2 protein chains.
Amino acid sequence: MSKKPAVTSVPIDSTIAGRWSGRAYDASKPVTREQTIALLEAARWAPSCYGDQPWRFIVWDKNKDAAAWQKAFDTLVEFNQGWVKNSPLLILVAADTKFHHNGKPNPFAAYDAGAAAENLCLQATASGLMAHQMAGFDAGKLRDAFAIPEQIEIIAMVAVGYAADPATLEGEVKEGELAARSRRELGELFFDSAWGKPIV
Amino acid sequence: MSKKPAVTSVPIDSTIAGRWSGRAYDASKPVTREQTIALLEAARWAPSCYGDQPWRFIVWDKNKDAAAWQKAFDTLVEFNQGWVKNSPLLILVAADTKFHHNGKPNPFAAYDAGAAAENLCLQATASGLMAHQMAGFDAGKLRDAFAIPEQIEIIAMVAVGYAADPATLEGEVKEGELAARSRRELGELFFDSAWGKPIV
């Protein structure tokens with residue numbers, strides 16, 4: 001579980017506050033099959049436009065199929081490989097760009113996939129795990145390596161595992177891990193009745 | 001709190017399982033200011049690419065500024081107006097299509113906004129409220145009515161309030177409210193090591 005809960009002006013759900021995208025993973029602790037299924041069940045019950053469930057996830061478990069995990073890992077940029085190497089699970093978040101019921105373009109595919117991925121990250125927190133999403137990977141290489149259809153938008157990779165001591169990291173990754181978390185002021189992004197009018 | 005929790009094959013976080021997009025709202029129970037801020041704090045702490053926080057929300061509270069709420073409500077399609085009329089809060093989910101740090105297009109704007117909106121919906125559940133997202137509204141009309149800049153992508157509207165007895169609804173809306181919830185089979189959307197290989 002994260003030791004860097006969000007600092008909020010009023011109390012919020014402890015799982016939401018506890019979710020944190022850390023980079024120090026414990027390579028010695030596998031994620032169990034039941035934990036993996038719980039992550040996916042959480043994603044599965046996210047809401048979606050027309051109930052389309054446009055998300056598609058691929059799970060690579062290093063302790064179950066090391067060769068497939070390695071093939072997915074090889075598509076990450078070097079910076080991410082430096083810390084993801086200790087993460088037992090890698091998960092692709094993708095989305096069908098067309099609606100299931102009529103084959104027309106689904107303008108909410110990425111938006112809905114974002115909700116499903118967030119549920120997965122929150123379930124990781126609830127299960128005592130940590131999840132960290134990444135954009136730093138070669139989507140074309142991943143598409144080729146796993147024969148992912150063109151109709152599917154490749155969006156993000158997620159590292160999942162048990163958190164380790166940040167001291168196991170080095171350099172700027174370690175510095176980032178130890179830095180305080182921050183967000184823009186609430187009133188900068190959340191408005192009251194009118195565009196641009198701060199809620200607080 | 002929802003009385004229709006998700007049916008899952010393994011236990012998941014109770015807030016994620018309890019989130020449900022119902023349509024029966026209790027017009028007599030306002031959402032408090034502290035509850036509203038909790039919804040926004042939850043959204044605020046969602047993860048985002050480069051920590052950009054591309055989401056922008058406008059909150060319309062019927063019990064605080066009825067005229068502004070009405071102006072937002074008037075952009076909804078007739079079907080949604082039929083049940084949203086009892087929802088004390090209306091919230092717009094929008095996203096900045098350009099990165100804050102360099103002004104370049106942000107391909108993750110909608111995806112990240114989806115995560116923030118899901119956090120909001122989950123916090124609603126955690127606070128004993130219910131939230132329901134909608135695509136059925138006139139985005140152009142909303143943009144004009146509230147002078148929302150072109151750079152901002154208008155994505156979804158969310159109704160938030162206390163759940164009421166489904167008997168307060170009528171016709172197909174009532175039928176939908178009483179129907180069992182469903183999702184596609186886990187293995188149809190979640191794959192194991194390879195594209196299309198069911199996880200279970």
# chains A, B, ... in the order shown; residues from 1 in each chain; ligands from 1
$ interface_residues --of "chain A" --to "chain B" --cutoff "7 Å" --atoms "only C-alpha atoms" --output "PyMOL selection string"
chain A and resi 6+8+10-13+16+34+38+41-42+45+55-60+68+110-115+118+123+126+146-148+189-195
$ write_last_selection --atoms "N, CA, C and O atoms" --output "compact mmCIF listing (two decimals), in the first residue's frame"
# COMPACT_ATOMS: atom_id res chain seq x y z
N ALA A 6 -2.79 10.99 -0.97
CA ALA A 6 -3.08 12.33 -1.44
C ALA A 6 -3.48 13.22 -0.27
O ALA A 6 -4.17 12.79 0.64
N THR A 8 -5.79 16.01 0.86
CA THR A 8 -7.04 16.59 0.38
C THR A 8 -7.65 17.54 1.42
O THR A 8 -7.43 17.37 2.62
N VAL A 10 -10.82 17.90 2.13
CA VAL A 10 -11.89 17.20 2.87
C VAL A 10 -11.59 15.71 2.72
O VAL A 10 -10.91 15.32 1.78
N PRO A 11 -12.10 14.87 3.63
CA PRO A 11 -11.80 13.44 3.52
C PRO A 11 -12.38 12.83 2.24
O PRO A 11 -13.49 13.19 1.82
N ILE A 12 -11.62 11.93 1.61
CA ILE A 12 -12.15 11.17 0.47
C ILE A 12 -11.90 9.69 0.72
O ILE A 12 -11.21 9.31 1.67
N ASP A 13 -12.46 8.87 -0.12
CA ASP A 13 -12.30 7.41 -0.04
C ASP A 13 -10.81 7.05 0.11
O ASP A 13 -9.97 7.56 -0.64
N ILE A 16 -8.94 5.72 -3.03
CA ILE A 16 -8.64 6.78 -4.02
C ILE A 16 -7.47 7.63 -3.53
O ILE A 16 -6.56 7.96 -4.29
N GLU A 34 -5.53 -14.77 -8.28
CA GLU A 34 -6.77 -14.16 -7.78
C GLU A 34 -6.66 -12.64 -7.74
O GLU A 34 -7.63 -11.94 -8.08
N ALA A 38 -8.98 -10.02 -9.83
CA ALA A 38 -9.65 -8.91 -9.14
C ALA A 38 -9.39 -7.57 -9.85
O ALA A 38 -10.28 -6.74 -9.99
N GLU A 41 -11.64 -7.69 -12.89
CA GLU A 41 -13.06 -7.55 -12.54
C GLU A 41 -13.37 -6.08 -12.23
O GLU A 41 -14.42 -5.57 -12.61
N ALA A 42 -12.45 -5.42 -11.55
CA ALA A 42 -12.66 -4.00 -11.23
C ALA A 42 -12.76 -3.19 -12.53
O ALA A 42 -13.65 -2.35 -12.69
N TRP A 45 -16.14 -3.68 -14.56
CA TRP A 45 -17.38 -3.06 -14.12
C TRP A 45 -17.37 -1.53 -14.21
O TRP A 45 -18.24 -0.85 -13.66
N TRP A 55 -12.83 -1.26 -23.79
CA TRP A 55 -11.48 -1.59 -23.35
C TRP A 55 -11.10 -3.02 -23.69
O TRP A 55 -11.92 -3.93 -23.67
N ARG A 56 -9.79 -3.19 -23.97
CA ARG A 56 -9.20 -4.53 -24.18
C ARG A 56 -7.85 -4.52 -23.45
O ARG A 56 -7.03 -3.62 -23.69
N PHE A 57 -7.63 -5.46 -22.57
CA PHE A 57 -6.38 -5.51 -21.80
C PHE A 57 -5.65 -6.81 -22.14
O PHE A 57 -6.27 -7.86 -22.30
N ILE A 58 -4.33 -6.75 -22.23
CA ILE A 58 -3.52 -7.96 -22.26
C ILE A 58 -2.66 -7.95 -21.00
O ILE A 58 -2.04 -6.93 -20.67
N VAL A 59 -2.65 -9.08 -20.29
CA VAL A 59 -1.86 -9.21 -19.07
C VAL A 59 -0.64 -10.08 -19.35
O VAL A 59 -0.76 -11.18 -19.90
N TRP A 60 0.55 -9.56 -19.00
CA TRP A 60 1.77 -10.37 -19.08
C TRP A 60 2.28 -10.58 -17.66
O TRP A 60 2.60 -9.60 -16.96
N ALA A 68 6.81 -14.13 -22.84
CA ALA A 68 5.82 -13.16 -23.33
C ALA A 68 5.99 -11.83 -22.59
O ALA A 68 5.90 -10.75 -23.21
N ALA A 110 -11.42 5.91 -25.82
CA ALA A 110 -10.28 6.20 -24.93
C ALA A 110 -10.77 6.68 -23.56
O ALA A 110 -10.22 6.30 -22.53
N TYR A 111 -11.80 7.51 -23.56
CA TYR A 111 -12.36 8.02 -22.29
C TYR A 111 -12.83 6.87 -21.41
O TYR A 111 -12.50 6.80 -20.22
N ASP A 112 -13.55 5.93 -22.00
CA ASP A 112 -14.05 4.79 -21.23
C ASP A 112 -12.91 3.86 -20.80
O ASP A 112 -12.93 3.31 -19.68
N ALA A 113 -11.92 3.70 -21.65
CA ALA A 113 -10.76 2.89 -21.28
C ALA A 113 -10.01 3.52 -20.10
O ALA A 113 -9.47 2.81 -19.24
N GLY A 114 -10.02 4.85 -20.05
CA GLY A 114 -9.40 5.55 -18.93
C GLY A 114 -10.08 5.23 -17.61
O GLY A 114 -9.42 5.08 -16.57
N ALA A 115 -11.40 5.10 -17.65
CA ALA A 115 -12.15 4.74 -16.44
C ALA A 115 -11.83 3.31 -16.02
O ALA A 115 -11.63 3.03 -14.83
N GLU A 118 -8.39 3.17 -14.52
CA GLU A 118 -8.36 3.75 -13.18
C GLU A 118 -8.94 2.76 -12.17
O GLU A 118 -8.39 2.61 -11.06
N GLN A 123 -8.05 -0.85 -7.71
CA GLN A 123 -8.14 -2.21 -7.16
C GLN A 123 -6.75 -2.70 -6.74
O GLN A 123 -6.62 -3.38 -5.73
N ALA A 126 -6.29 -1.31 -3.42
CA ALA A 126 -7.14 -2.03 -2.46
C ALA A 126 -6.57 -3.41 -2.13
O ALA A 126 -6.80 -3.94 -1.05
N PHE A 146 2.45 -8.54 -31.03
CA PHE A 146 1.30 -9.31 -30.52
C PHE A 146 0.12 -9.33 -31.48
O PHE A 146 -0.99 -9.70 -31.09
N ALA A 147 0.36 -8.95 -32.74
CA ALA A 147 -0.68 -9.02 -33.79
C ALA A 147 -2.00 -8.38 -33.32
O ALA A 147 -3.07 -8.98 -33.39
N ILE A 148 -1.89 -7.14 -32.83
CA ILE A 148 -3.08 -6.43 -32.37
C ILE A 148 -3.75 -5.74 -33.56
O ILE A 148 -3.10 -4.98 -34.28
N LEU A 189 -8.88 24.05 -11.91
CA LEU A 189 -9.41 23.06 -12.86
C LEU A 189 -10.88 22.75 -12.66
O LEU A 189 -11.51 22.16 -13.54
N PHE A 190 -11.41 23.13 -11.49
CA PHE A 190 -12.80 22.79 -11.16
C PHE A 190 -13.58 24.08 -10.93
O PHE A 190 -13.22 24.87 -10.06
N PHE A 191 -14.62 24.25 -11.75
CA PHE A 191 -15.31 25.54 -11.79
C PHE A 191 -16.74 25.47 -11.23
O PHE A 191 -17.37 24.41 -11.21
N ASP A 192 -17.24 26.62 -10.80
CA ASP A 192 -18.52 26.72 -10.12
C ASP A 192 -19.53 27.48 -10.98
O ASP A 192 -19.44 28.70 -11.10
N SER A 193 -20.44 26.76 -11.60
CA SER A 193 -21.54 27.33 -12.40
C SER A 193 -21.11 27.97 -13.72
O SER A 193 -21.94 28.13 -14.61
N ALA A 194 -19.86 28.41 -13.83
CA ALA A 194 -19.41 29.11 -15.03
C ALA A 194 -17.99 28.71 -15.39
O ALA A 194 -17.20 28.36 -14.51
N TRP A 195 -17.66 28.74 -16.68
CA TRP A 195 -16.30 28.42 -17.11
C TRP A 195 -15.29 29.36 -16.45
O TRP A 195 -15.45 30.58 -16.51
$ select_by_dssp --residues "stretch 2-143 of chain A" --states "strand (DSSP E or B)" --output "list in words"
Tyr25, Trp55, Arg56, Phe57, Ile58, Val59, Trp60, Asp61, Leu76, Leu89, Leu90, Ile91, Leu92, Val93, Ala94, Ala95, Asp96, Lys98, Pro105, Met130, Ala131, His132, Gln133, Met134 and Phe137 of chain A
$ write_last_selection --atoms "N, CA and C atoms" --output "PDB file, in the first residue's frame"
ATOM      1  N   TYR A  25       9.413  -1.395  -7.307  1.00  0.00           N
ATOM      2  CA  TYR A  25       8.670  -2.659  -7.207  1.00  0.00           C
ATOM      3  C   TYR A  25       9.545  -3.754  -6.611  1.00  0.00           C
ATOM      4  N   TRP A  55     -12.832  -1.257 -23.791  1.00  0.00           N
ATOM      5  CA  TRP A  55     -11.478  -1.587 -23.351  1.00  0.00           C
ATOM      6  C   TRP A  55     -11.103  -3.024 -23.687  1.00  0.00           C
ATOM      7  N   ARG A  56      -9.791  -3.194 -23.968  1.00  0.00           N
ATOM      8  CA  ARG A  56      -9.202  -4.531 -24.177  1.00  0.00           C
ATOM      9  C   ARG A  56      -7.854  -4.515 -23.451  1.00  0.00           C
ATOM     10  N   PHE A  57      -7.633  -5.458 -22.570  1.00  0.00           N
ATOM     11  CA  PHE A  57      -6.382  -5.513 -21.798  1.00  0.00           C
ATOM     12  C   PHE A  57      -5.651  -6.807 -22.142  1.00  0.00           C
ATOM     13  N   ILE A  58      -4.333  -6.747 -22.227  1.00  0.00           N
ATOM     14  CA  ILE A  58      -3.519  -7.965 -22.258  1.00  0.00           C
ATOM     15  C   ILE A  58      -2.661  -7.954 -20.995  1.00  0.00           C
ATOM     16  N   VAL A  59      -2.646  -9.075 -20.292  1.00  0.00           N
ATOM     17  CA  VAL A  59      -1.855  -9.207 -19.067  1.00  0.00           C
ATOM     18  C   VAL A  59      -0.636 -10.076 -19.350  1.00  0.00           C
ATOM     19  N   TRP A  60       0.551  -9.561 -18.999  1.00  0.00           N
ATOM     20  CA  TRP A  60       1.766 -10.369 -19.084  1.00  0.00           C
ATOM     21  C   TRP A  60       2.283 -10.575 -17.665  1.00  0.00           C
ATOM     22  N   ASP A  61       2.357 -11.829 -17.240  1.00  0.00           N
ATOM     23  CA  ASP A  61       2.778 -12.174 -15.884  1.00  0.00           C
ATOM     24  C   ASP A  61       4.154 -12.849 -15.971  1.00  0.00           C
ATOM     25  N   LEU A  76       9.198  -1.180 -24.167  1.00  0.00           N
ATOM     26  CA  LEU A  76       9.265   0.024 -23.313  1.00  0.00           C
ATOM     27  C   LEU A  76      10.496   0.854 -23.630  1.00  0.00           C
ATOM     28  N   LEU A  89       3.966  -7.852 -13.141  1.00  0.00           N
ATOM     29  CA  LEU A  89       2.893  -7.787 -14.144  1.00  0.00           C
ATOM     30  C   LEU A  89       3.075  -6.583 -15.043  1.00  0.00           C
ATOM     31  N   LEU A  90       2.808  -6.804 -16.329  1.00  0.00           N
ATOM     32  CA  LEU A  90       2.692  -5.706 -17.290  1.00  0.00           C
ATOM     33  C   LEU A  90       1.319  -5.865 -17.931  1.00  0.00           C
ATOM     34  N   ILE A  91       0.595  -4.770 -18.048  1.00  0.00           N
ATOM     35  CA  ILE A  91      -0.759  -4.847 -18.607  1.00  0.00           C
ATOM     36  C   ILE A  91      -0.922  -3.777 -19.678  1.00  0.00           C
ATOM     37  N   LEU A  92      -1.410  -4.193 -20.842  1.00  0.00           N
ATOM     38  CA  LEU A  92      -1.715  -3.226 -21.894  1.00  0.00           C
ATOM     39  C   LEU A  92      -3.157  -2.761 -21.750  1.00  0.00           C
ATOM     40  N   VAL A  93      -3.364  -1.438 -21.844  1.00  0.00           N
ATOM     41  CA  VAL A  93      -4.712  -0.881 -21.945  1.00  0.00           C
ATOM     42  C   VAL A  93      -4.912  -0.442 -23.387  1.00  0.00           C
ATOM     43  N   ALA A  94      -5.904  -1.032 -24.035  1.00  0.00           N
ATOM     44  CA  ALA A  94      -6.223  -0.679 -25.419  1.00  0.00           C
ATOM     45  C   ALA A  94      -7.730  -0.500 -25.522  1.00  0.00           C
ATOM     46  N   ALA A  95      -8.210  -0.057 -26.685  1.00  0.00           N
ATOM     47  CA  ALA A  95      -9.656   0.167 -26.828  1.00  0.00           C
ATOM     48  C   ALA A  95     -10.092  -0.054 -28.264  1.00  0.00           C
ATOM     49  N   ASP A  96     -11.256  -0.631 -28.393  1.00  0.00           N
ATOM     50  CA  ASP A  96     -11.856  -0.811 -29.722  1.00  0.00           C
ATOM     51  C   ASP A  96     -12.395   0.541 -30.178  1.00  0.00           C
ATOM     52  N   LYS A  98     -14.325   1.139 -32.565  1.00  0.00           N
ATOM     53  CA  LYS A  98     -15.679   1.075 -33.142  1.00  0.00           C
ATOM     54  C   LYS A  98     -16.666   0.446 -32.174  1.00  0.00           C
ATOM     55  N   PRO A 105     -17.687   4.508 -35.540  1.00  0.00           N
ATOM     56  CA  PRO A 105     -16.628   5.010 -34.647  1.00  0.00           C
ATOM     57  C   PRO A 105     -17.173   5.344 -33.256  1.00  0.00           C
ATOM     58  N   MET A 130       0.635  -1.942  -6.106  1.00  0.00           N
ATOM     59  CA  MET A 130       0.830  -0.604  -6.653  1.00  0.00           C
ATOM     60  C   MET A 130       0.798  -0.735  -8.175  1.00  0.00           C
ATOM     61  N   ALA A 131       0.238   0.275  -8.829  1.00  0.00           N
ATOM     62  CA  ALA A 131       0.164   0.270 -10.296  1.00  0.00           C
ATOM     63  C   ALA A 131       0.672   1.599 -10.833  1.00  0.00           C
ATOM     64  N   HIS A 132       1.333   1.559 -11.968  1.00  0.00           N
ATOM     65  CA  HIS A 132       1.890   2.784 -12.562  1.00  0.00           C
ATOM     66  C   HIS A 132       1.696   2.709 -14.075  1.00  0.00           C
ATOM     67  N   GLN A 133       0.948   3.663 -14.625  1.00  0.00           N
ATOM     68  CA  GLN A 133       0.699   3.694 -16.068  1.00  0.00           C
ATOM     69  C   GLN A 133       1.830   4.424 -16.787  1.00  0.00           C
ATOM     70  N   MET A 134       2.070   3.976 -18.016  1.00  0.00           N
ATOM     71  CA  MET A 134       3.126   4.568 -18.847  1.00  0.00           C
ATOM     72  C   MET A 134       2.663   4.820 -20.274  1.00  0.00           C
ATOM     73  N   PHE A 137       6.400   3.769 -24.485  1.00  0.00           N
ATOM     74  CA  PHE A 137       6.670   2.477 -25.122  1.00  0.00           C
ATOM     75  C   PHE A 137       6.386   2.625 -26.605  1.00  0.00           C
TER      76      PHE A 137
END
$ atom_distance --atom1 "atom CA of A:Glu172" --atom2 "atom CA of A:Pro30"
26.2 Å
$ select_by_dssp --residues "chain A" --states "helix (DSSP H, G or I)" --output "ChimeraX atom specification"
/A:14-18,33-44,49-51,66-73,78-84,109-126,139-146,166-168,171-178,186-189
$ closest_residue --among "A:Thr168, A:Gln151, A:Ser28, A:Asn80" --to "A:Gly103" --atoms "only C-alpha atoms"
A:Gln151
$ atom_distance --atom1 "atom CA of A:Thr75" --atom2 "atom CA of A:Gly140"
8.9 Å
$ atom_distance --atom1 "atom CA of B:His101" --atom2 "atom CA of A:Gly176"
18.0 Å
$ closest_residue --among "A:Thr97, A:Tyr162, A:Asp74, A:Gly82" --to "A:Val31" --atoms "only C-alpha atoms"
A:Tyr162
$ closest_residue --among "B:Lys3, B:Lys104, B:Lys141, B:Lys85" --to "B:Leu129" --atoms "only C-alpha atoms"
B:Lys3
